[in-house]
Amino acid sequence: MSTITQLIHSIPVDEQTGAIAVPIYQTSTFVQEAPGVNKGYDYARTNNPTREILEKIVAQLEEGATGIAFSSGLAAIDAVLKLLKSGDEIVAVDDIYGGAFRLFTKVYEKFGIKVTYVDTSDTQAVFNAITPATRLIWLETPTNPTLKISDIAAIAKIAKAGKCLFCVDNTFASPVLQQPLKLGADIVVHSATKYLGGHSDLIAGVVVTKTAELGAEVRFYQNACGAILSPFDSFLLIRGIETLHLRVRQHCANAQQVAEYLENHPLVDKVYYPGLSSHPNHLLAGQQAKGFGGIVSFTLKDDTEEAAKSFVTNTRYFKLAESLGGIKSLLCHPASMTHKSIPDEKRRAAGVADSLIRLSVGLEEPADLLEDLQQTFNKIDQLQPAVSGL
Ligand SMILES: *Cc1c(COP(=O)(O)O)cnc(C)c1O
């Protein structure tokens, strides 16, 4: 059976009524026959049938033992960090998602956890950063917003040799394209807000563990700390996942066209997309993933914040917003939005140029998206002489 058929039929028919859609069990508690005698559910923070079905679906998608659903991607990341204790160290990808950076440095360093950031696309640098106190390696691949690719299988070997946990934030690739557990990772996290949900209508996170033992540990923190996903949002996420394969396939096809268009545009300087043969890790990206994803970043020849701001305020279909992975195309200007809190020099050194623009390529007709980009370039080109003439 193909994975897509398997996914669709892993969503169970309701035994009691035959409902083909998963019922939303909007309840806080479950009536017990006698103390401790129940139908498998006692209190809805601990377990809820709607959430439980979602958790089984995501575990299957990533081919892991256990899925655990949270109220946001950051709550999922937080639950994984709780596996550590004071004195432990993390080796993390230097291009890390900003919210994870804030959680690591502003919350967990306070509790005595040390984080070392390295360029994980250089496997040797990961190896060199490991110390006897390293307990966790934290990876994102592709990264945000410069789409750097790291070798998951090679880093998994380093983690194993160093006896540390290896967690991959698989938000950008989605399990349709990349399954880190099969490449040797112990844990996968997702901001399900992005591709898994896919419709920009909810905030959610999931953790999937390779083993049931690790799953039980993370589930302990889900219940003990309480950042659970609600029954309604679990329902919405199941509904989103039903079309994940189709959507991701089309996101990739559209993004490839957009990246190739941008690479040939005279006003564009660099294009960052793993699907271009010019990408430094194009081959590795093709080996460890089934596609190159829906995110494309680029810089302008006129490498100024003004030029980028003029671009991002003149598109028609690409809407200016943070977030990604939804059906509607979005764009953002990291230097003045997601990466604003990083000092200019540090940001530029990390490859996030003043004019860098990140696109989340949606599911519109690709010809319309190219036309939108073309009319935007035309506009900023016309604006240019007027501005410099002032
Ligand atoms: C958005 C995002 C997160 C955080 O997820 P939320 O659902 O916003 O809490 C974590 N990692 C990556 C890569 C993201 O893009």
# chains A, B, ... in the order shown; residues from 1 in each chain; ligands from 1
call {"tool": "residues_near_ligand", "arguments": {"ligand": "ligand 1", "cutoff": "7 Å", "atoms": "only C-alpha atoms and all ligand atoms", "output": "list in words"}}
result
Ser72, Gly73, Leu74, Ala75, Tyr97, Gly99, Ala100, Glu140, Asn144, Asp169, Thr171, Phe172, His190, Ser191, Ala192, Thr193, Lys194, Ile203, Ala204, Gly205 and Ser323 of chain A
call {"tool": "residues_around", "arguments": {"residues": "range 273-281 of chain A", "least_positions_apart": "6", "cutoff": "12 Å", "atoms": "only C-alpha atoms", "output": "compact mmCIF listing (two decimals) with N, CA, C and O atoms, in the first residue's frame"}}
result
# COMPACT_ATOMS: atom_id res chain seq x y z
N SER A 121 25.85 22.46 8.77
CA SER A 121 26.05 21.97 7.40
C SER A 121 27.50 21.48 7.26
O SER A 121 27.86 20.82 6.29
N ASP A 122 28.34 21.83 8.25
CA ASP A 122 29.72 21.33 8.35
C ASP A 122 29.71 20.23 9.43
O ASP A 122 29.78 20.52 10.62
N THR A 141 16.88 21.37 9.17
CA THR A 141 17.38 21.28 7.79
C THR A 141 16.21 21.03 6.86
O THR A 141 15.49 20.06 7.08
N PRO A 142 15.91 21.92 5.91
CA PRO A 142 16.59 23.17 5.61
C PRO A 142 16.37 24.20 6.72
O PRO A 142 15.39 24.11 7.45
N THR A 143 17.32 25.18 6.80
CA THR A 143 17.18 26.22 7.82
C THR A 143 16.43 27.43 7.29
O THR A 143 16.16 27.55 6.10
N ASN A 144 16.15 28.30 8.22
CA ASN A 144 15.38 29.51 7.95
C ASN A 144 16.26 30.73 8.18
O ASN A 144 16.82 30.85 9.27
N PRO A 145 16.37 31.66 7.28
CA PRO A 145 15.74 31.72 5.95
C PRO A 145 16.69 31.39 4.81
O PRO A 145 16.32 31.54 3.67
N THR A 146 17.94 30.89 5.12
CA THR A 146 18.90 30.72 4.02
C THR A 146 18.96 29.28 3.49
O THR A 146 19.82 28.96 2.66
N LEU A 147 18.04 28.42 3.97
CA LEU A 147 17.86 27.08 3.39
C LEU A 147 19.15 26.27 3.35
O LEU A 147 19.46 25.59 2.35
N LYS A 148 19.93 26.35 4.43
CA LYS A 148 21.13 25.53 4.53
C LYS A 148 20.71 24.08 4.80
O LYS A 148 19.74 23.82 5.50
N ILE A 149 21.48 23.14 4.25
CA ILE A 149 21.16 21.71 4.39
C ILE A 149 22.26 21.02 5.20
O ILE A 149 23.45 21.22 4.93
N SER A 150 21.84 20.23 6.19
CA SER A 150 22.80 19.45 6.98
C SER A 150 22.54 17.96 6.77
O SER A 150 21.41 17.56 6.47
N ASP A 151 23.59 17.16 6.99
CA ASP A 151 23.53 15.73 6.72
C ASP A 151 22.97 14.99 7.96
O ASP A 151 23.69 14.75 8.93
N PHE A 172 10.15 22.56 8.15
CA PHE A 172 10.28 23.08 6.78
C PHE A 172 10.09 21.98 5.73
O PHE A 172 9.54 22.23 4.67
N ALA A 173 10.57 20.77 6.03
CA ALA A 173 10.51 19.71 5.02
C ALA A 173 9.16 18.99 5.03
O ALA A 173 8.64 18.61 3.98
N CYS A 252 6.18 22.20 -3.71
CA CYS A 252 7.53 21.97 -4.28
C CYS A 252 7.59 22.36 -5.75
O CYS A 252 8.52 23.04 -6.19
N ALA A 253 6.58 21.95 -6.51
CA ALA A 253 6.57 22.24 -7.95
C ALA A 253 6.50 23.75 -8.19
O ALA A 253 7.23 24.30 -9.04
N ASN A 254 5.65 24.43 -7.43
CA ASN A 254 5.52 25.88 -7.59
C ASN A 254 6.80 26.60 -7.17
O ASN A 254 7.26 27.54 -7.85
N ALA A 255 7.39 26.15 -6.04
CA ALA A 255 8.61 26.80 -5.54
C ALA A 255 9.76 26.65 -6.53
O ALA A 255 10.56 27.57 -6.72
N GLN A 256 9.85 25.47 -7.15
CA GLN A 256 10.92 25.24 -8.13
C GLN A 256 10.82 26.26 -9.28
O GLN A 256 11.81 26.85 -9.69
N GLN A 257 9.58 26.46 -9.77
CA GLN A 257 9.38 27.43 -10.86
C GLN A 257 9.75 28.84 -10.42
O GLN A 257 10.37 29.60 -11.16
N VAL A 258 9.33 29.19 -9.20
CA VAL A 258 9.62 30.53 -8.68
C VAL A 258 11.13 30.72 -8.53
O VAL A 258 11.69 31.74 -8.93
N ALA A 259 11.82 29.70 -7.99
CA ALA A 259 13.27 29.80 -7.77
C ALA A 259 14.00 29.97 -9.11
O ALA A 259 14.92 30.79 -9.24
N GLU A 260 13.58 29.19 -10.13
CA GLU A 260 14.24 29.28 -11.43
C GLU A 260 13.99 30.64 -12.08
O GLU A 260 14.88 31.24 -12.69
N TYR A 261 12.77 31.15 -11.90
CA TYR A 261 12.44 32.48 -12.43
C TYR A 261 13.35 33.54 -11.78
O TYR A 261 13.95 34.38 -12.45
N LEU A 262 13.45 33.46 -10.43
CA LEU A 262 14.23 34.46 -9.70
C LEU A 262 15.71 34.40 -10.09
O LEU A 262 16.37 35.43 -10.22
N GLU A 263 16.21 33.19 -10.30
CA GLU A 263 17.63 33.03 -10.61
C GLU A 263 18.00 33.73 -11.92
O GLU A 263 19.14 34.13 -12.11
N ASN A 264 17.00 33.89 -12.79
CA ASN A 264 17.27 34.52 -14.08
C ASN A 264 16.87 35.99 -14.13
O ASN A 264 16.91 36.60 -15.19
N GLN A 287 19.29 13.62 -1.84
CA GLN A 287 19.46 12.26 -1.32
C GLN A 287 18.63 12.03 -0.07
O GLN A 287 18.02 10.98 0.10
N GLN A 288 18.62 13.02 0.85
CA GLN A 288 17.96 12.75 2.12
C GLN A 288 16.49 13.18 2.14
O GLN A 288 15.78 12.88 3.10
N ALA A 289 16.03 13.85 1.08
CA ALA A 289 14.63 14.26 1.03
C ALA A 289 14.05 13.96 -0.34
O ALA A 289 14.77 13.87 -1.33
N LYS A 290 12.71 13.80 -0.38
CA LYS A 290 12.06 13.46 -1.64
C LYS A 290 11.70 14.68 -2.46
O LYS A 290 11.13 14.57 -3.55
N GLY A 291 11.97 15.88 -1.93
CA GLY A 291 11.67 17.11 -2.65
C GLY A 291 12.32 18.25 -1.91
O GLY A 291 12.89 18.05 -0.83
N PHE A 292 12.23 19.45 -2.49
CA PHE A 292 13.03 20.56 -1.97
C PHE A 292 12.22 21.59 -1.18
O PHE A 292 12.76 22.59 -0.74
N GLY A 293 10.93 21.38 -1.05
CA GLY A 293 10.13 22.24 -0.19
C GLY A 293 9.57 23.47 -0.86
O GLY A 293 9.80 23.72 -2.05
N GLY A 294 8.83 24.24 -0.09
CA GLY A 294 8.08 25.38 -0.63
C GLY A 294 8.63 26.74 -0.25
O GLY A 294 8.00 27.76 -0.51
N ILE A 295 9.81 26.77 0.39
CA ILE A 295 10.37 28.05 0.83
C ILE A 295 11.54 28.45 -0.08
O ILE A 295 12.44 27.65 -0.32
N VAL A 296 11.50 29.69 -0.57
CA VAL A 296 12.55 30.23 -1.43
C VAL A 296 12.96 31.58 -0.87
O VAL A 296 12.09 32.40 -0.56
N SER A 297 14.26 31.82 -0.71
CA SER A 297 14.72 33.14 -0.29
C SER A 297 15.59 33.74 -1.38
O SER A 297 16.21 33.01 -2.16
N PHE A 298 15.63 35.07 -1.44
CA PHE A 298 16.50 35.73 -2.43
C PHE A 298 16.92 37.11 -1.94
O PHE A 298 16.29 37.68 -1.06
N ARG A 358 12.08 36.36 2.07
CA ARG A 358 11.71 34.93 2.12
C ARG A 358 10.30 34.75 1.59
O ARG A 358 9.38 35.43 2.02
N LEU A 359 10.16 33.81 0.66
CA LEU A 359 8.83 33.50 0.12
C LEU A 359 8.36 32.16 0.65
O LEU A 359 9.13 31.20 0.69
N SER A 360 7.11 32.09 1.06
CA SER A 360 6.48 30.79 1.30
C SER A 360 5.55 30.61 0.11
O SER A 360 4.50 31.27 0.00
N VAL A 361 5.99 29.79 -0.83
CA VAL A 361 5.26 29.66 -2.10
C VAL A 361 4.00 28.82 -1.87
O VAL A 361 4.09 27.68 -1.40
call {"tool": "select_by_dssp", "arguments": {"residues": "range 168-333 of chain A", "states": "helix (DSSP H, G or I)", "output": "count of residues only"}}
result
68
call {"tool": "closest_residue", "arguments": {"among": "A:Thr376, A:Gln26, A:Gln60, A:Thr209", "to": "Asp233 in chain A", "atoms": "only C-alpha atoms"}}
result
A:Gln26
call {"tool": "closest_residue", "arguments": {"among": "A:Leu103, A:Ile158, A:Leu83, A:Ile90", "to": "Thr116 in chain A", "atoms": "only C-alpha atoms"}}
result
A:Ile90
call {"tool": "closest_residue", "arguments": {"among": "A:Glu364, A:Glu306, A:Glu217, A:Asp372", "to": "Val80 in chain A", "atoms": "only C-alpha atoms"}}
result
A:Glu217
call {"tool": "select_by_dssp", "arguments": {"residues": "range 222-297 of chain A", "states": "strand (DSSP E or B)", "output": "MDAnalysis selection string"}}
result
chainID A and resid 228 268:272 295:297
call {"tool": "write_last_selection", "arguments": {"atoms": "all heavy atoms", "output": "JSON list (two decimals), in the first residue's frame"}}
result
[["chain", "number", "residue", "atom", "x", "y", "z"],
["A", 228, "ILE", "N", -1.32, 21.17, 26.17],
["A", 228, "ILE", "CA", -1.94, 20.21, 25.24],
["A", 228, "ILE", "C", -2.66, 20.91, 24.07],
["A", 228, "ILE", "O", -3.03, 22.08, 24.18],
["A", 228, "ILE", "CB", -2.98, 19.35, 25.98],
["A", 228, "ILE", "CG1", -3.94, 20.27, 26.76],
["A", 228, "ILE", "CG2", -2.31, 18.32, 26.85],
["A", 228, "ILE", "CD1", -5.27, 19.69, 27.06],
["A", 268, "VAL", "N", 17.81, 40.43, -9.30],
["A", 268, "VAL", "CA", 18.06, 39.52, -8.18],
["A", 268, "VAL", "C", 19.55, 39.22, -8.08],
["A", 268, "VAL", "O", 20.23, 39.00, -9.09],
["A", 268, "VAL", "CB", 17.27, 38.20, -8.38],
["A", 268, "VAL", "CG1", 17.69, 37.15, -7.36],
["A", 268, "VAL", "CG2", 15.77, 38.48, -8.28],
["A", 269, "ASP", "N", 20.07, 39.21, -6.84],
["A", 269, "ASP", "CA", 21.47, 38.84, -6.64],
["A", 269, "ASP", "C", 21.57, 37.34, -6.41],
["A", 269, "ASP", "O", 21.90, 36.58, -7.30],
["A", 269, "ASP", "CB", 22.07, 39.66, -5.49],
["A", 269, "ASP", "CG", 23.56, 39.43, -5.35],
["A", 269, "ASP", "OD1", 24.18, 38.97, -6.32],
["A", 269, "ASP", "OD2", 24.11, 39.70, -4.26],
["A", 270, "LYS", "N", 21.22, 36.87, -5.16],
["A", 270, "LYS", "CA", 21.34, 35.44, -4.85],
["A", 270, "LYS", "C", 19.96, 34.82, -4.66],
["A", 270, "LYS", "O", 19.05, 35.46, -4.15],
["A", 270, "LYS", "CB", 22.10, 35.25, -3.54],
["A", 270, "LYS", "CG", 23.57, 35.58, -3.58],
["A", 270, "LYS", "CD", 24.25, 34.95, -2.36],
["A", 270, "LYS", "CE", 25.67, 35.41, -2.18],
["A", 270, "LYS", "NZ", 25.77, 36.76, -1.59],
["A", 271, "VAL", "N", 19.84, 33.53, -5.03],
["A", 271, "VAL", "CA", 18.62, 32.78, -4.75],
["A", 271, "VAL", "C", 19.00, 31.58, -3.88],
["A", 271, "VAL", "O", 19.98, 30.89, -4.17],
["A", 271, "VAL", "CB", 17.93, 32.28, -6.04],
["A", 271, "VAL", "CG1", 16.63, 31.55, -5.70],
["A", 271, "VAL", "CG2", 17.64, 33.45, -6.97],
["A", 272, "TYR", "N", 18.25, 31.38, -2.80],
["A", 272, "TYR", "CA", 18.50, 30.25, -1.90],
["A", 272, "TYR", "C", 17.35, 29.26, -2.06],
["A", 272, "TYR", "O", 16.22, 29.54, -1.64],
["A", 272, "TYR", "CB", 18.56, 30.73, -0.44],
["A", 272, "TYR", "CG", 19.66, 31.72, -0.16],
["A", 272, "TYR", "CD1", 19.43, 33.09, -0.28],
["A", 272, "TYR", "CD2", 20.92, 31.29, 0.23],
["A", 272, "TYR", "CE1", 20.45, 34.00, 0.00],
["A", 272, "TYR", "CE2", 21.94, 32.19, 0.49],
["A", 272, "TYR", "CZ", 21.69, 33.55, 0.38],
["A", 272, "TYR", "OH", 22.69, 34.45, 0.65],
["A", 295, "ILE", "N", 9.81, 26.77, 0.39],
["A", 295, "ILE", "CA", 10.37, 28.05, 0.83],
["A", 295, "ILE", "C", 11.54, 28.45, -0.08],
["A", 295, "ILE", "O", 12.44, 27.65, -0.32],
["A", 295, "ILE", "CB", 10.88, 27.98, 2.29],
["A", 295, "ILE", "CG1", 9.80, 27.41, 3.21],
["A", 295, "ILE", "CG2", 11.36, 29.34, 2.77],
["A", 295, "ILE", "CD1", 8.54, 28.24, 3.31],
["A", 296, "VAL", "N", 11.50, 29.69, -0.57],
["A", 296, "VAL", "CA", 12.55, 30.23, -1.43],
["A", 296, "VAL", "C", 12.96, 31.58, -0.87],
["A", 296, "VAL", "O", 12.09, 32.40, -0.56],
["A", 296, "VAL", "CB", 12.04, 30.44, -2.88],
["A", 296, "VAL", "CG1", 13.15, 30.98, -3.77],
["A", 296, "VAL", "CG2", 11.45, 29.16, -3.46],
["A", 297, "SER", "N", 14.26, 31.82, -0.71],
["A", 297, "SER", "CA", 14.72, 33.14, -0.29],
["A", 297, "SER", "C", 15.59, 33.74, -1.38],
["A", 297, "SER", "O", 16.21, 33.01, -2.16],
["A", 297, "SER", "CB", 15.53, 33.06, 1.01],
["A", 297, "SER", "OG", 14.71, 32.64, 2.06]]
call {"tool": "atom_distance", "arguments": {"atom1": "CA of Ala92 in chain A", "atom2": "CA of Val188 in chain A"}}
result
14.3 Å
call {"tool": "residues_around", "arguments": {"residues": "range 123-136 of chain A", "least_positions_apart": "3", "cutoff": "8 Å", "atoms": "only C-alpha atoms", "output": "PDB file with N, CA, C and O atoms, in the first residue's frame"}}
result
ATOM      1  N   LEU A  84      16.136  17.265  29.563  1.00  0.00           N
ATOM      2  CA  LEU A  84      17.480  17.576  30.057  1.00  0.00           C
ATOM      3  C   LEU A  84      17.443  18.009  31.519  1.00  0.00           C
ATOM      4  O   LEU A  84      16.376  18.238  32.086  1.00  0.00           O
ATOM      5  N   GLY A  87      23.194  21.466  33.957  1.00  0.00           N
ATOM      6  CA  GLY A  87      24.553  20.985  33.690  1.00  0.00           C
ATOM      7  C   GLY A  87      24.690  20.329  32.326  1.00  0.00           C
ATOM      8  O   GLY A  87      25.793  20.158  31.816  1.00  0.00           O
ATOM      9  N   ASP A  88      23.567  19.952  31.732  1.00  0.00           N
ATOM     10  CA  ASP A  88      23.604  19.352  30.389  1.00  0.00           C
ATOM     11  C   ASP A  88      23.887  20.426  29.334  1.00  0.00           C
ATOM     12  O   ASP A  88      23.608  21.608  29.546  1.00  0.00           O
ATOM     13  N   GLU A  89      24.400  19.973  28.205  1.00  0.00           N
ATOM     14  CA  GLU A  89      24.694  20.907  27.116  1.00  0.00           C
ATOM     15  C   GLU A  89      23.978  20.495  25.831  1.00  0.00           C
ATOM     16  O   GLU A  89      23.744  19.310  25.590  1.00  0.00           O
ATOM     17  N   ILE A  90      23.658  21.517  25.033  1.00  0.00           N
ATOM     18  CA  ILE A  90      23.019  21.299  23.724  1.00  0.00           C
ATOM     19  C   ILE A  90      23.963  21.813  22.641  1.00  0.00           C
ATOM     20  O   ILE A  90      24.555  22.881  22.806  1.00  0.00           O
ATOM     21  N   VAL A  91      24.101  21.061  21.557  1.00  0.00           N
ATOM     22  CA  VAL A  91      24.755  21.583  20.356  1.00  0.00           C
ATOM     23  C   VAL A  91      23.641  21.829  19.349  1.00  0.00           C
ATOM     24  O   VAL A  91      22.895  20.905  19.003  1.00  0.00           O
ATOM     25  N   THR A 116      25.593  25.492  22.596  1.00  0.00           N
ATOM     26  CA  THR A 116      26.643  25.895  21.659  1.00  0.00           C
ATOM     27  C   THR A 116      26.030  25.862  20.265  1.00  0.00           C
ATOM     28  O   THR A 116      25.437  24.857  19.871  1.00  0.00           O
ATOM     29  N   VAL A 118      26.459  25.908  16.222  1.00  0.00           N
ATOM     30  CA  VAL A 118      27.454  25.632  15.180  1.00  0.00           C
ATOM     31  C   VAL A 118      26.788  25.563  13.806  1.00  0.00           C
ATOM     32  O   VAL A 118      25.576  25.341  13.690  1.00  0.00           O
ATOM     33  N   ASP A 119      27.620  25.753  12.777  1.00  0.00           N
ATOM     34  CA  ASP A 119      27.155  25.590  11.402  1.00  0.00           C
ATOM     35  C   ASP A 119      27.071  24.083  11.140  1.00  0.00           C
ATOM     36  O   ASP A 119      28.071  23.435  10.838  1.00  0.00           O
ATOM     37  N   THR A 120      25.860  23.537  11.287  1.00  0.00           N
ATOM     38  CA  THR A 120      25.685  22.082  11.207  1.00  0.00           C
ATOM     39  C   THR A 120      25.802  21.547   9.774  1.00  0.00           C
ATOM     40  O   THR A 120      25.852  20.337   9.580  1.00  0.00           O
ATOM     41  N   SER A 150      21.845  20.227   6.191  1.00  0.00           N
ATOM     42  CA  SER A 150      22.801  19.446   6.983  1.00  0.00           C
ATOM     43  C   SER A 150      22.537  17.960   6.766  1.00  0.00           C
ATOM     44  O   SER A 150      21.408  17.562   6.469  1.00  0.00           O
ATOM     45  N   ASP A 151      23.592  17.163   6.989  1.00  0.00           N
ATOM     46  CA  ASP A 151      23.526  15.726   6.724  1.00  0.00           C
ATOM     47  C   ASP A 151      22.967  14.992   7.956  1.00  0.00           C
ATOM     48  O   ASP A 151      23.686  14.753   8.930  1.00  0.00           O
ATOM     49  N   ALA A 154      24.689  11.559   8.938  1.00  0.00           N
ATOM     50  CA  ALA A 154      26.049  11.720   9.476  1.00  0.00           C
ATOM     51  C   ALA A 154      25.994  12.271  10.898  1.00  0.00           C
ATOM     52  O   ALA A 154      26.737  11.821  11.775  1.00  0.00           O
ATOM     53  N   ILE A 155      25.102  13.226  11.146  1.00  0.00           N
ATOM     54  CA  ILE A 155      24.994  13.809  12.488  1.00  0.00           C
ATOM     55  C   ILE A 155      24.395  12.780  13.454  1.00  0.00           C
ATOM     56  O   ILE A 155      24.761  12.726  14.626  1.00  0.00           O
ATOM     57  N   ILE A 158      27.186  10.812  14.857  1.00  0.00           N
ATOM     58  CA  ILE A 158      27.928  11.576  15.880  1.00  0.00           C
ATOM     59  C   ILE A 158      27.151  11.534  17.204  1.00  0.00           C
ATOM     60  O   ILE A 158      27.733  11.348  18.272  1.00  0.00           O
ATOM     61  N   ALA A 159      25.824  11.691  17.110  1.00  0.00           N
ATOM     62  CA  ALA A 159      24.991  11.680  18.319  1.00  0.00           C
ATOM     63  C   ALA A 159      25.094  10.330  19.015  1.00  0.00           C
ATOM     64  O   ALA A 159      25.227  10.250  20.238  1.00  0.00           O
ATOM     65  N   GLY A 162      28.391   9.892  20.727  1.00  0.00           N
ATOM     66  CA  GLY A 162      28.495  10.746  21.908  1.00  0.00           C
ATOM     67  C   GLY A 162      27.421  10.454  22.938  1.00  0.00           C
ATOM     68  O   GLY A 162      27.309  11.175  23.925  1.00  0.00           O
ATOM     69  N   LYS A 163      26.589   9.455  22.685  1.00  0.00           N
ATOM     70  CA  LYS A 163      25.491   9.076  23.582  1.00  0.00           C
ATOM     71  C   LYS A 163      24.589  10.260  23.899  1.00  0.00           C
ATOM     72  O   LYS A 163      24.194  10.476  25.052  1.00  0.00           O
ATOM     73  N   CYS A 164      24.278  11.058  22.876  1.00  0.00           N
ATOM     74  CA  CYS A 164      23.317  12.134  23.136  1.00  0.00           C
ATOM     75  C   CYS A 164      22.090  11.967  22.256  1.00  0.00           C
ATOM     76  O   CYS A 164      22.123  11.296  21.222  1.00  0.00           O
ATOM     77  N   LEU A 165      21.007  12.580  22.702  1.00  0.00           N
ATOM     78  CA  LEU A 165      19.769  12.560  21.932  1.00  0.00           C
ATOM     79  C   LEU A 165      19.944  13.436  20.705  1.00  0.00           C
ATOM     80  O   LEU A 165      20.670  14.433  20.743  1.00  0.00           O
ATOM     81  N   PHE A 166      19.245  13.067  19.641  1.00  0.00           N
ATOM     82  CA  PHE A 166      19.322  13.850  18.399  1.00  0.00           C
ATOM     83  C   PHE A 166      17.895  14.191  17.973  1.00  0.00           C
ATOM     84  O   PHE A 166      17.092  13.296  17.694  1.00  0.00           O
ATOM     85  N   CYS A 167      17.592  15.503  17.992  1.00  0.00           N
ATOM     86  CA  CYS A 167      16.239  15.957  17.633  1.00  0.00           C
ATOM     87  C   CYS A 167      16.284  16.814  16.379  1.00  0.00           C
ATOM     88  O   CYS A 167      17.129  17.710  16.259  1.00  0.00           O
TER      89      CYS A 167
END
call {"tool": "closest_residue", "arguments": {"among": "A:Cys332, A:Val22, A:Leu81, A:Ala349", "to": "Tyr221 in chain A", "atoms": "only C-alpha atoms"}}
result
A:Leu81
call {"tool": "atom_distance", "arguments": {"atom1": "CA of Asp381 in chain A", "atom2": "CA of Asp354 in chain A"}}
result
17.8 Å
